[in-house]
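A short worksheet on the structure shown next.
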Amino acid sequence: MPRWKKILYTLLATALVVAAALYGVYVLNRPDTCAAGVERIGGECVGVNATGYDFGTPEIKAVAEAIRQENEKIAGQPHVTVAVMLPLQSDTPALRREMRADLQGAYLGQLKANAGEGEPPKIRLVLANPGREYGHQASVVDTLLRMAASATDRLRAVTGINLSLDETQDAVRRLTEHKVPVLASRITGDQIANEDTADRTAKPRYPGLARIIPTNHDVAQALAAFNGAQGREDRRTVLVYDRRPDSYNQSLAKAFSGIKETGPPGPDAMPFTSPAIDEAGSTGNQFTQIANNICGSSADTVYFAGRSLHLRLFALKLAQMDCGNRHYTVVSGSDGASLRQSMSQADWKQLRDADGSAKVTVQYGAPAHPDSWAAELAAWTKRWTSAHHRAPAAADLPQYLTEPEAALNFLKALIETTRHDGTGLGAAPDLEDSRTMLVYDGLVTIGTALHQVQNGDAGTIPTLEDVGTEWSQLQSTHRVPGTSGLICLTAAGNPYDKPVAVVELDPGQAGQGRLRFVGLGWPTGHPQPVNCVIPSRSR
C-alpha cells in the first residue's frame with residue numbers, strides 16, 4: 001500500500017475517534033429534557049412550562065392541565081404572561097398537596113383576572129420550577145428574563161414565591177434589578193421586602209417588588225396585640241429558635257425578640273439546629289432537652305421560630321412532658337399553616353387531652369383563614385348592636401370585614417362553578433391552610449394592576465415599568481378586596497396593616513383535628529382605616 005494511503009487512513013481513523021469522543025461528551029452533557037422548557041438536573045425537572053406538564057408530581061396534574069386549557073382559551077386575545085415560581089417536586093406527600101393548593105389558587109385567580117369581555121390584557125400562566133428549596137433558581141430566572149424581553153412571551157410579573165430563603169432573595173433581587181415586577185404572596189421573611197421610609201428619595205432594595213402578606217415583624221406585632229403580650233412579664237416567655245441559616249427563621253426570631261415585655265428577665269433563648277426545611281435530623285433529641293429546660297423555668301409561653309415540621313415535633317414533645325400540670329402555649333409564624341397537611345391522626349391523638357382540648361396550645365399567625373370574616377362580622381355586629389340598641393344597617397358595617405367576606409364568597413362560588421363545569425383540580429380546594437386564598441389574591445392583584453395600567457386603552461400591552469410602578473397605586477379607591485383582607489400597598493409595595501388570622505390547633509374529641517380560627521390581629525394594633533387610606537407616616 002502506498003505510504004500516502006496509509007497516512008490518509010490513519011488521519012481518517014483519528015478523525016473518527018475524535019468525532020466519536022466529542023459525540024460521547026455531547027451525549028453525556030446534553031440537557032435531559034423532561035418537557036418543553038424543562039430540563040432534568042440532578043434528578044429534578046427544572047424550568048418553565050405552559051403546556052400542562054406536571055413536573056412528575058401527580059397531585060398537580062389536573063390543575064396544570066386546567067391552566068393549559070385557560071391559556072389556550074385566551075391565546076387569540078391580547079395577553080401577557082405571568083409566571084408562578086415555586087418548587088413543584090417533592091418526595092413528601094404533604095408538600096405535594098401544598099403545591100396543589102398553591103396552583104389551585106393560581107388557576108382560580110387567573111380565571112378571575114380573565115373574566116369579562118373587553119378587559120385586556122388577559123393572563124397566560126406559566127409554571128416555573130426552581131427546584132428543591134430554590135436550588136436551581138438561577139437558571140429559571142435566566143429563562144424568565146428572556147421571556148420578559150420577548151415580544152412573544154411578554155412576561156410582566158412573577159408570583160408564587162413561597163419560601164423565605166437566601167436563594168429566593170437572590171431570585172427576587174435579579175428579577176427586580178432587570179425591572180421584572182414581582183408579587184410575593186407567600187413569603188413573610190423581612191429580608192425580602194422594601195423598607196417603608198420617610199425618605200422619598202431612598203432607592204428601594206427591590207424596585208418593582210410588592211407583597212400582599214405581612215412580614216414576620218408585622219405578624220409578631222399582630223400576635224402580641226391580639227394576645228395582650230405587650231407588657232407581658234418577660235419571665236413567663238422563652239424563645240426557641242432554629243440556628244440553621246434560613247431567612248424565615250432568622251427574621252421570625254428577631255421579630256419575637258422585639259416584643260416588649262416587663263419585669264425581670266426570663267430564661268435565655270434556646271436554640272436547636274435542623275438539617276433542612278423538611279428533615280427532622282436529631283431535632284427530636286434536642287427538643288427533649290429543651291422541653292426539660294423549659295419545665296425547669298418559669299416560662300409558660302414559647303415563641304417558636306422554626307419551620308412547620310419542627311414546630312410539630314416540638315409541640316408534640318412538649319405535650320409528652322409532665323411539668324407539674326402547667327399548660328404551655330407555643331406561638332409561631334405563618335409557616336404554621338402547613339401543619340394542616342402534615343398532622344397525622346396519631347399526632348392529633350398525642351396532642352389531645354382527655355376532654356378533647358389540647359395538652360399544649362399551638363397558636364400561629366396565619367395570612368388568612370376562611371372562617372375569619374363571618375366570625376369577626378358576627379362579633380362586631382354583636383358589640384355594635386349592644387352599644388346602639390339596634391341592628392346595624394349595611395352602611396354601618398366596616399369595609400375591612402365586608403369587602404374581604406364578599407371576595408371570599410366569590411372565590412367559593414368560583415370553586416363551585418369549576419366543579420359544576422367538570423374542571424378537574426386534583427381535589428376540592430381546602431381553604432383552611434390559606435395557601436389557595438393567598439395565591440388567588442396574588443393573581444387578582446396582578447390582574448387589577450394590569451387593568452388599571454390599561455386605563456381603557458385596549459390596544460397596548462403594558463410595559464414592565466408600567467406594572468412595577470402600579471403597585472403603589474393599589475390603595476384607597478384602588479384597594480384590592482382580597483379573600484385574605486384588604487390589600488392596600490404602600491409606596492414601598494408593602495401591605496398596610498394587613499390583618500393576621502390567629503389560628504390554633506384544635507384536636508377535637510377524636511380523629512383528625514382542625515385549624516381553629518380564634519380572632520384577627522392587626523400589626524398596628526387596630527383595624528385598617530376607612531377606604532384603606534394609608535396614613536402619611538406609613539408612606
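Chain labels run A, B, ... following the order of the C-alpha cells; each chain numbers its residues from 1, and ligands are numbered from 1 in the order shown.
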
Determine, counting only C-alpha atoms, which protein, DNA and RNA residues have an atom within 10 Å of an atom of A:Gly109; residues of the same chain fewer than 6 positions away are not included. Present the result as an NGL selection string. :A and (103 or 115 or 123 or 411 or 414 or 436-447)

Save the residues we just selected, all heavy atoms, as a CSV table (one decimal), in the first residue's frame?
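Result saved to part-v6.csv:
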chain,number,residue,atom,x,y,z
A,103,LEU,N,-51.2,26.0,43.4
A,103,LEU,CA,-51.6,26.1,41.9
A,103,LEU,C,-53.1,26.2,41.7
A,103,LEU,O,-53.6,26.8,40.8
A,103,LEU,CB,-51.0,24.9,41.2
A,103,LEU,CG,-49.5,24.8,41.1
A,103,LEU,CD1,-49.1,23.7,40.1
A,103,LEU,CD2,-48.9,26.2,40.6
A,115,ALA,N,-61.8,37.1,33.6
A,115,ALA,CA,-63.2,37.2,33.5
A,115,ALA,C,-63.7,38.5,32.8
A,115,ALA,O,-63.1,39.5,33.0
A,115,ALA,CB,-63.9,37.0,34.8
A,123,ILE,N,-54.4,37.0,31.2
A,123,ILE,CA,-53.2,36.5,31.8
A,123,ILE,C,-53.0,35.0,31.3
A,123,ILE,O,-53.9,34.2,31.4
A,123,ILE,CB,-53.3,36.5,33.3
A,123,ILE,CG1,-53.2,37.9,33.8
A,123,ILE,CG2,-52.2,35.6,33.9
A,123,ILE,CD1,-53.4,38.1,35.3
A,411,LEU,N,-64.8,33.6,45.7
A,411,LEU,CA,-63.9,32.5,45.4
A,411,LEU,C,-64.6,31.2,45.6
A,411,LEU,O,-64.5,30.3,44.8
A,411,LEU,CB,-62.7,32.6,46.4
A,411,LEU,CG,-61.7,31.4,46.4
A,411,LEU,CD1,-61.2,31.2,45.0
A,411,LEU,CD2,-60.6,31.7,47.4
A,414,LEU,N,-66.7,30.5,42.7
A,414,LEU,CA,-65.9,30.2,41.6
A,414,LEU,C,-65.4,28.7,41.7
A,414,LEU,O,-65.4,28.0,40.7
A,414,LEU,CB,-64.7,31.1,41.5
A,414,LEU,CG,-63.8,31.0,40.3
A,414,LEU,CD1,-64.6,31.3,39.0
A,414,LEU,CD2,-62.6,32.0,40.4
A,436,THR,N,-54.4,28.4,49.1
A,436,THR,CA,-55.1,28.7,47.9
A,436,THR,C,-55.6,30.2,47.9
A,436,THR,O,-55.6,30.9,46.9
A,436,THR,CB,-56.3,27.8,47.8
A,436,THR,OG1,-55.9,26.4,47.7
A,436,THR,CG2,-57.2,28.1,46.6
A,437,MET,N,-56.0,30.7,49.1
A,437,MET,CA,-56.5,32.0,49.2
A,437,MET,C,-55.5,33.1,48.9
A,437,MET,O,-55.7,34.0,48.2
A,437,MET,CB,-57.1,32.3,50.6
A,437,MET,CG,-58.3,31.4,51.0
A,437,MET,SD,-58.8,31.5,52.7
A,437,MET,CE,-59.2,33.2,52.9
A,438,LEU,N,-54.3,32.9,49.4
A,438,LEU,CA,-53.2,33.8,49.2
A,438,LEU,C,-52.7,33.9,47.8
A,438,LEU,O,-52.5,35.0,47.2
A,438,LEU,CB,-52.0,33.5,50.1
A,438,LEU,CG,-52.0,34.3,51.4
A,438,LEU,CD1,-51.7,35.8,51.2
A,438,LEU,CD2,-53.3,34.2,52.2
A,439,VAL,N,-52.5,32.7,47.1
A,439,VAL,CA,-52.1,32.7,45.8
A,439,VAL,C,-53.1,33.3,44.8
A,439,VAL,O,-52.9,34.0,43.9
A,439,VAL,CB,-51.6,31.3,45.3
A,439,VAL,CG1,-51.1,31.4,43.9
A,439,VAL,CG2,-50.5,30.8,46.2
A,440,TYR,N,-54.4,33.0,45.1
A,440,TYR,CA,-55.5,33.6,44.4
A,440,TYR,C,-55.5,35.1,44.5
A,440,TYR,O,-55.6,35.8,43.5
A,440,TYR,CB,-56.8,33.0,45.0
A,440,TYR,CG,-58.1,33.7,44.5
A,440,TYR,CD1,-58.7,33.3,43.3
A,440,TYR,CD2,-58.7,34.7,45.3
A,440,TYR,CE1,-59.9,34.0,42.9
A,440,TYR,CE2,-59.8,35.4,44.8
A,440,TYR,CZ,-60.4,35.0,43.7
A,440,TYR,OH,-61.6,35.6,43.2
A,441,ASP,N,-55.3,35.6,45.7
A,441,ASP,CA,-55.3,37.0,45.9
A,441,ASP,C,-54.1,37.7,45.1
A,441,ASP,O,-54.2,38.8,44.6
A,441,ASP,CB,-55.1,37.4,47.4
A,441,ASP,CG,-56.4,37.2,48.2
A,441,ASP,OD1,-57.5,37.0,47.6
A,441,ASP,OD2,-56.4,37.3,49.4
A,442,GLY,N,-53.0,36.9,45.1
A,442,GLY,CA,-51.9,37.4,44.3
A,442,GLY,C,-52.2,37.6,42.8
A,442,GLY,O,-51.9,38.7,42.2
A,443,LEU,N,-52.8,36.6,42.2
A,443,LEU,CA,-53.2,36.8,40.8
A,443,LEU,C,-54.3,37.8,40.6
A,443,LEU,O,-54.2,38.6,39.6
A,443,LEU,CB,-53.7,35.4,40.3
A,443,LEU,CG,-52.7,34.5,39.6
A,443,LEU,CD1,-52.3,35.2,38.2
A,443,LEU,CD2,-51.5,34.2,40.4
A,444,VAL,N,-55.2,38.0,41.5
A,444,VAL,CA,-56.2,39.0,41.4
A,444,VAL,C,-55.6,40.4,41.5
A,444,VAL,O,-55.9,41.3,40.8
A,444,VAL,CB,-57.3,38.8,42.5
A,444,VAL,CG1,-58.2,40.1,42.6
A,444,VAL,CG2,-58.1,37.6,42.3
A,445,THR,N,-54.6,40.5,42.4
A,445,THR,CA,-53.9,41.8,42.5
A,445,THR,C,-53.1,42.1,41.2
A,445,THR,O,-53.1,43.3,40.7
A,445,THR,CB,-52.9,41.8,43.7
A,445,THR,OG1,-53.6,41.5,44.9
A,445,THR,CG2,-52.2,43.1,43.9
A,446,ILE,N,-52.4,41.2,40.6
A,446,ILE,CA,-51.7,41.4,39.4
A,446,ILE,C,-52.7,41.8,38.3
A,446,ILE,O,-52.5,42.7,37.5
A,446,ILE,CB,-50.9,40.1,39.0
A,446,ILE,CG1,-49.8,39.9,39.9
A,446,ILE,CG2,-50.4,40.2,37.5
A,446,ILE,CD1,-49.1,38.6,39.7
A,447,GLY,N,-53.9,41.0,38.2
A,447,GLY,CA,-54.9,41.4,37.2
A,447,GLY,C,-55.4,42.8,37.4
A,447,GLY,O,-55.6,43.5,36.4

Got a sec: who's within 7 Å of A:Gly306, counting only C-alpha atoms, leaving out chain neighbours fewer than 2 positions off, as an MDAnalysis selection string? chainID A and resid 241:242 249 304 308 310:311

Write down as an MDAnalysis selection string the residues belonging to stretch 33-204 of chain A that are assigned strand (DSSP E or B) by DSSP computed on the backbone. chainID A and resid 33:35 38:41 44:49 79:85 122:129 155:160 182:184

Output N, CA, C and O atoms of each residue in that selection to a file, as a compact mmCIF listing (two decimals), in the first residue's frame.
# COMPACT_ATOMS: atom_id res chain seq x y z
N THR A 33 -34.16 16.42 28.70
CA THR A 33 -35.40 17.20 28.73
C THR A 33 -36.54 16.42 29.35
O THR A 33 -36.81 15.28 28.97
N CYS A 34 -37.22 17.05 30.32
CA CYS A 34 -38.42 16.46 30.93
C CYS A 34 -39.65 16.81 30.12
O CYS A 34 -40.57 16.00 29.99
N ALA A 35 -39.70 18.04 29.63
CA ALA A 35 -40.83 18.54 28.85
C ALA A 35 -40.38 19.82 28.18
O ALA A 35 -39.23 20.27 28.38
N VAL A 38 -38.26 22.43 30.06
CA VAL A 38 -37.91 21.85 31.36
C VAL A 38 -36.80 20.83 31.20
O VAL A 38 -36.93 19.88 30.42
N GLU A 39 -35.71 21.00 31.94
CA GLU A 39 -34.57 20.10 31.88
C GLU A 39 -34.44 19.28 33.16
O GLU A 39 -34.82 19.74 34.24
N ARG A 40 -33.88 18.08 33.02
CA ARG A 40 -33.62 17.25 34.19
C ARG A 40 -32.23 17.58 34.72
O ARG A 40 -31.22 17.39 34.04
N ILE A 41 -32.18 18.09 35.93
CA ILE A 41 -30.91 18.47 36.55
C ILE A 41 -30.83 17.79 37.91
O ILE A 41 -31.62 18.09 38.81
N GLU A 44 -34.02 16.37 39.24
CA GLU A 44 -35.16 17.29 39.31
C GLU A 44 -35.48 17.82 37.92
O GLU A 44 -34.59 18.01 37.09
N CYS A 45 -36.76 18.09 37.69
CA CYS A 45 -37.20 18.69 36.43
C CYS A 45 -37.36 20.19 36.65
O CYS A 45 -38.31 20.64 37.29
N VAL A 46 -36.41 20.94 36.12
CA VAL A 46 -36.29 22.37 36.41
C VAL A 46 -36.56 23.17 35.15
O VAL A 46 -36.03 22.86 34.08
N GLY A 47 -37.38 24.21 35.26
CA GLY A 47 -37.62 25.07 34.11
C GLY A 47 -38.99 25.69 34.13
O GLY A 47 -39.68 25.70 35.15
N VAL A 48 -39.40 26.19 32.95
CA VAL A 48 -40.65 26.95 32.82
C VAL A 48 -41.51 26.27 31.76
O VAL A 48 -41.04 25.97 30.66
N ASN A 49 -42.79 26.05 32.08
CA ASN A 49 -43.66 25.32 31.16
C ASN A 49 -45.08 25.86 31.23
O ASN A 49 -45.55 26.26 32.30
N HIS A 79 -52.81 39.46 25.50
CA HIS A 79 -52.49 38.88 26.79
C HIS A 79 -51.02 39.08 27.13
O HIS A 79 -50.21 39.40 26.28
N VAL A 80 -50.73 38.90 28.40
CA VAL A 80 -49.35 38.92 28.89
C VAL A 80 -49.12 37.62 29.66
O VAL A 80 -50.07 36.89 29.97
N THR A 81 -47.88 37.36 29.98
CA THR A 81 -47.53 36.14 30.72
C THR A 81 -47.21 36.49 32.17
O THR A 81 -46.55 37.49 32.45
N VAL A 82 -47.69 35.66 33.07
CA VAL A 82 -47.35 35.74 34.49
C VAL A 82 -46.79 34.38 34.90
O VAL A 82 -47.39 33.34 34.59
N ALA A 83 -45.64 34.37 35.56
CA ALA A 83 -45.02 33.12 36.00
C ALA A 83 -45.32 32.86 37.47
O ALA A 83 -45.20 33.76 38.30
N VAL A 84 -45.71 31.62 37.75
CA VAL A 84 -45.88 31.17 39.14
C VAL A 84 -44.63 30.36 39.49
O VAL A 84 -44.44 29.26 38.99
N MET A 85 -43.79 30.94 40.33
CA MET A 85 -42.49 30.35 40.62
C MET A 85 -42.49 29.75 42.03
O MET A 85 -42.60 30.47 43.02
N LYS A 122 -55.42 39.75 28.98
CA LYS A 122 -55.66 38.53 29.72
C LYS A 122 -54.33 38.01 30.27
O LYS A 122 -53.25 38.48 29.87
N ILE A 123 -54.42 37.05 31.16
CA ILE A 123 -53.21 36.48 31.78
C ILE A 123 -53.00 35.04 31.30
O ILE A 123 -53.88 34.20 31.40
N ARG A 124 -51.81 34.81 30.75
CA ARG A 124 -51.35 33.46 30.41
C ARG A 124 -50.41 33.04 31.55
O ARG A 124 -49.45 33.74 31.86
N LEU A 125 -50.70 31.91 32.16
CA LEU A 125 -49.89 31.45 33.28
C LEU A 125 -48.85 30.44 32.83
O LEU A 125 -49.14 29.56 32.01
N VAL A 126 -47.64 30.56 33.35
CA VAL A 126 -46.61 29.54 33.15
C VAL A 126 -46.13 29.09 34.53
O VAL A 126 -46.12 29.87 35.49
N LEU A 127 -45.77 27.82 34.63
CA LEU A 127 -45.27 27.26 35.88
C LEU A 127 -43.75 27.21 35.83
O LEU A 127 -43.18 26.67 34.89
N ALA A 128 -43.13 27.79 36.84
CA ALA A 128 -41.66 27.87 36.89
C ALA A 128 -41.17 27.11 38.12
O ALA A 128 -41.39 27.54 39.26
N ASN A 129 -40.51 25.97 37.89
CA ASN A 129 -39.99 25.15 38.99
C ASN A 129 -38.50 25.44 39.19
O ASN A 129 -37.68 25.07 38.35
N LEU A 155 -43.61 38.46 29.33
CA LEU A 155 -43.70 38.22 30.78
C LEU A 155 -43.79 39.57 31.50
O LEU A 155 -42.94 40.44 31.29
N ARG A 156 -44.79 39.74 32.35
CA ARG A 156 -44.99 41.03 33.01
C ARG A 156 -44.99 40.95 34.53
O ARG A 156 -45.01 41.99 35.20
N ALA A 157 -44.96 39.74 35.08
CA ALA A 157 -44.89 39.61 36.55
C ALA A 157 -44.54 38.18 36.92
O ALA A 157 -44.83 37.24 36.18
N VAL A 158 -43.91 38.05 38.09
CA VAL A 158 -43.59 36.74 38.66
C VAL A 158 -44.24 36.70 40.04
O VAL A 158 -44.10 37.65 40.83
N THR A 159 -44.94 35.63 40.35
CA THR A 159 -45.59 35.49 41.64
C THR A 159 -45.37 34.07 42.16
O THR A 159 -44.53 33.34 41.65
N GLY A 160 -46.11 33.68 43.19
CA GLY A 160 -45.88 32.39 43.84
C GLY A 160 -44.90 32.59 44.98
O GLY A 160 -45.29 33.06 46.06
N VAL A 182 -42.35 41.73 40.70
CA VAL A 182 -42.54 40.52 41.49
C VAL A 182 -43.64 40.79 42.50
O VAL A 182 -43.62 41.81 43.20
N LEU A 183 -44.61 39.90 42.57
CA LEU A 183 -45.70 39.99 43.55
C LEU A 183 -45.56 38.78 44.47
O LEU A 183 -45.86 37.65 44.09
N ALA A 184 -45.08 39.02 45.69
CA ALA A 184 -44.85 37.94 46.65
C ALA A 184 -46.14 37.69 47.44
O ALA A 184 -46.61 38.58 48.15

Can you list, as a VMD selection string, every protein, DNA or RNA residue that comes within 9 Å of stretch 516-533 of chain A when you count only C-alpha atoms, leaving out same-chain residues fewer than 3 positions away? chain A and resid 214 217 to 227 365 369 to 372 375 to 376 398 to 400 432 475 to 477 479 486 to 488 496 to 506

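If you measure from each of A:Ser357, A:Thr168, A:Thr176, A:Thr152 to A:Gln137 using only C-alpha atoms, the closest one turns out to be A:Thr168.
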
Find the residues near stretch 98-102 of chain A: any atom within 9 Å, counting only C-alpha atoms, skip ones fewer than 2 places away on the same chain, and give them as a ChimeraX atom specification. /A:59-61,63,86-89,93-96,104-107,160,162,338,341,425-427,429-431,433-440

DSSP alpha helix (DSSP H) residues within stretch 258-444 of chain A, listed as a VMD selection string: chain A and resid 283 to 295 308 to 320 339 to 342 345 to 351 372 to 388 399 to 421 435 to 444

Could you give me, as an MDAnalysis selection string, the residues within 7 Å of A:Tyr303, counting only C-alpha atoms and dropping anything in the same chain fewer than 6 positions from it? chainID A and resid 238:240 256 330:332

Next, dump the selected residues to file, keeping only N, CA, C and O atoms, as a PDB file, in the first residue's frame.
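After the write, again_4.pdb holds the following:
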ATOM      1  N   VAL A 238     -40.250  32.445  76.610  1.00  0.00           N
ATOM      2  CA  VAL A 238     -38.935  31.999  76.166  1.00  0.00           C
ATOM      3  C   VAL A 238     -38.971  31.831  74.644  1.00  0.00           C
ATOM      4  O   VAL A 238     -39.994  31.443  74.074  1.00  0.00           O
ATOM      5  N   LEU A 239     -37.856  32.153  74.009  1.00  0.00           N
ATOM      6  CA  LEU A 239     -37.716  31.990  72.568  1.00  0.00           C
ATOM      7  C   LEU A 239     -36.975  30.697  72.269  1.00  0.00           C
ATOM      8  O   LEU A 239     -35.893  30.446  72.810  1.00  0.00           O
ATOM      9  N   VAL A 240     -37.556  29.865  71.419  1.00  0.00           N
ATOM     10  CA  VAL A 240     -36.894  28.671  70.888  1.00  0.00           C
ATOM     11  C   VAL A 240     -36.723  28.903  69.395  1.00  0.00           C
ATOM     12  O   VAL A 240     -37.709  29.189  68.696  1.00  0.00           O
ATOM     13  N   PHE A 256     -39.852  38.117  67.173  1.00  0.00           N
ATOM     14  CA  PHE A 256     -40.316  37.731  68.506  1.00  0.00           C
ATOM     15  C   PHE A 256     -39.468  38.384  69.594  1.00  0.00           C
ATOM     16  O   PHE A 256     -39.986  38.775  70.642  1.00  0.00           O
ATOM     17  N   VAL A 330     -47.550  27.555  72.645  1.00  0.00           N
ATOM     18  CA  VAL A 330     -46.464  27.715  71.679  1.00  0.00           C
ATOM     19  C   VAL A 330     -46.972  28.631  70.563  1.00  0.00           C
ATOM     20  O   VAL A 330     -47.976  28.329  69.914  1.00  0.00           O
ATOM     21  N   VAL A 331     -46.302  29.744  70.368  1.00  0.00           N
ATOM     22  CA  VAL A 331     -46.715  30.756  69.388  1.00  0.00           C
ATOM     23  C   VAL A 331     -45.705  30.765  68.245  1.00  0.00           C
ATOM     24  O   VAL A 331     -44.493  30.825  68.488  1.00  0.00           O
ATOM     25  N   SER A 332     -46.187  30.716  67.004  1.00  0.00           N
ATOM     26  CA  SER A 332     -45.275  30.695  65.862  1.00  0.00           C
ATOM     27  C   SER A 332     -45.833  31.535  64.712  1.00  0.00           C
ATOM     28  O   SER A 332     -46.876  32.189  64.838  1.00  0.00           O
TER      29      SER A 332
END

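If you count only C-alpha atoms and ignore residues fewer than 4 places along the chain from A:Pro207, what sits within 9 Å of it is Arg173, Thr176, Glu177, Lys179, Val180, Pro181, Asn194, Lys203, Gly468, Thr469 and Ala492 of chain A.
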
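Minimum atom-to-atom distances from A:Leu313, A:Ile534, A:Ala269, A:Val480 to A:Ala406 were compared using only C-alpha atoms, and the lowest value belongs to A:Val480.
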
Restricting the calculation to only C-alpha atoms: of A:Thr381, A:Gln363, A:Thr197, A:Thr143, which residue gets closest to A:Leu175? A:Thr143
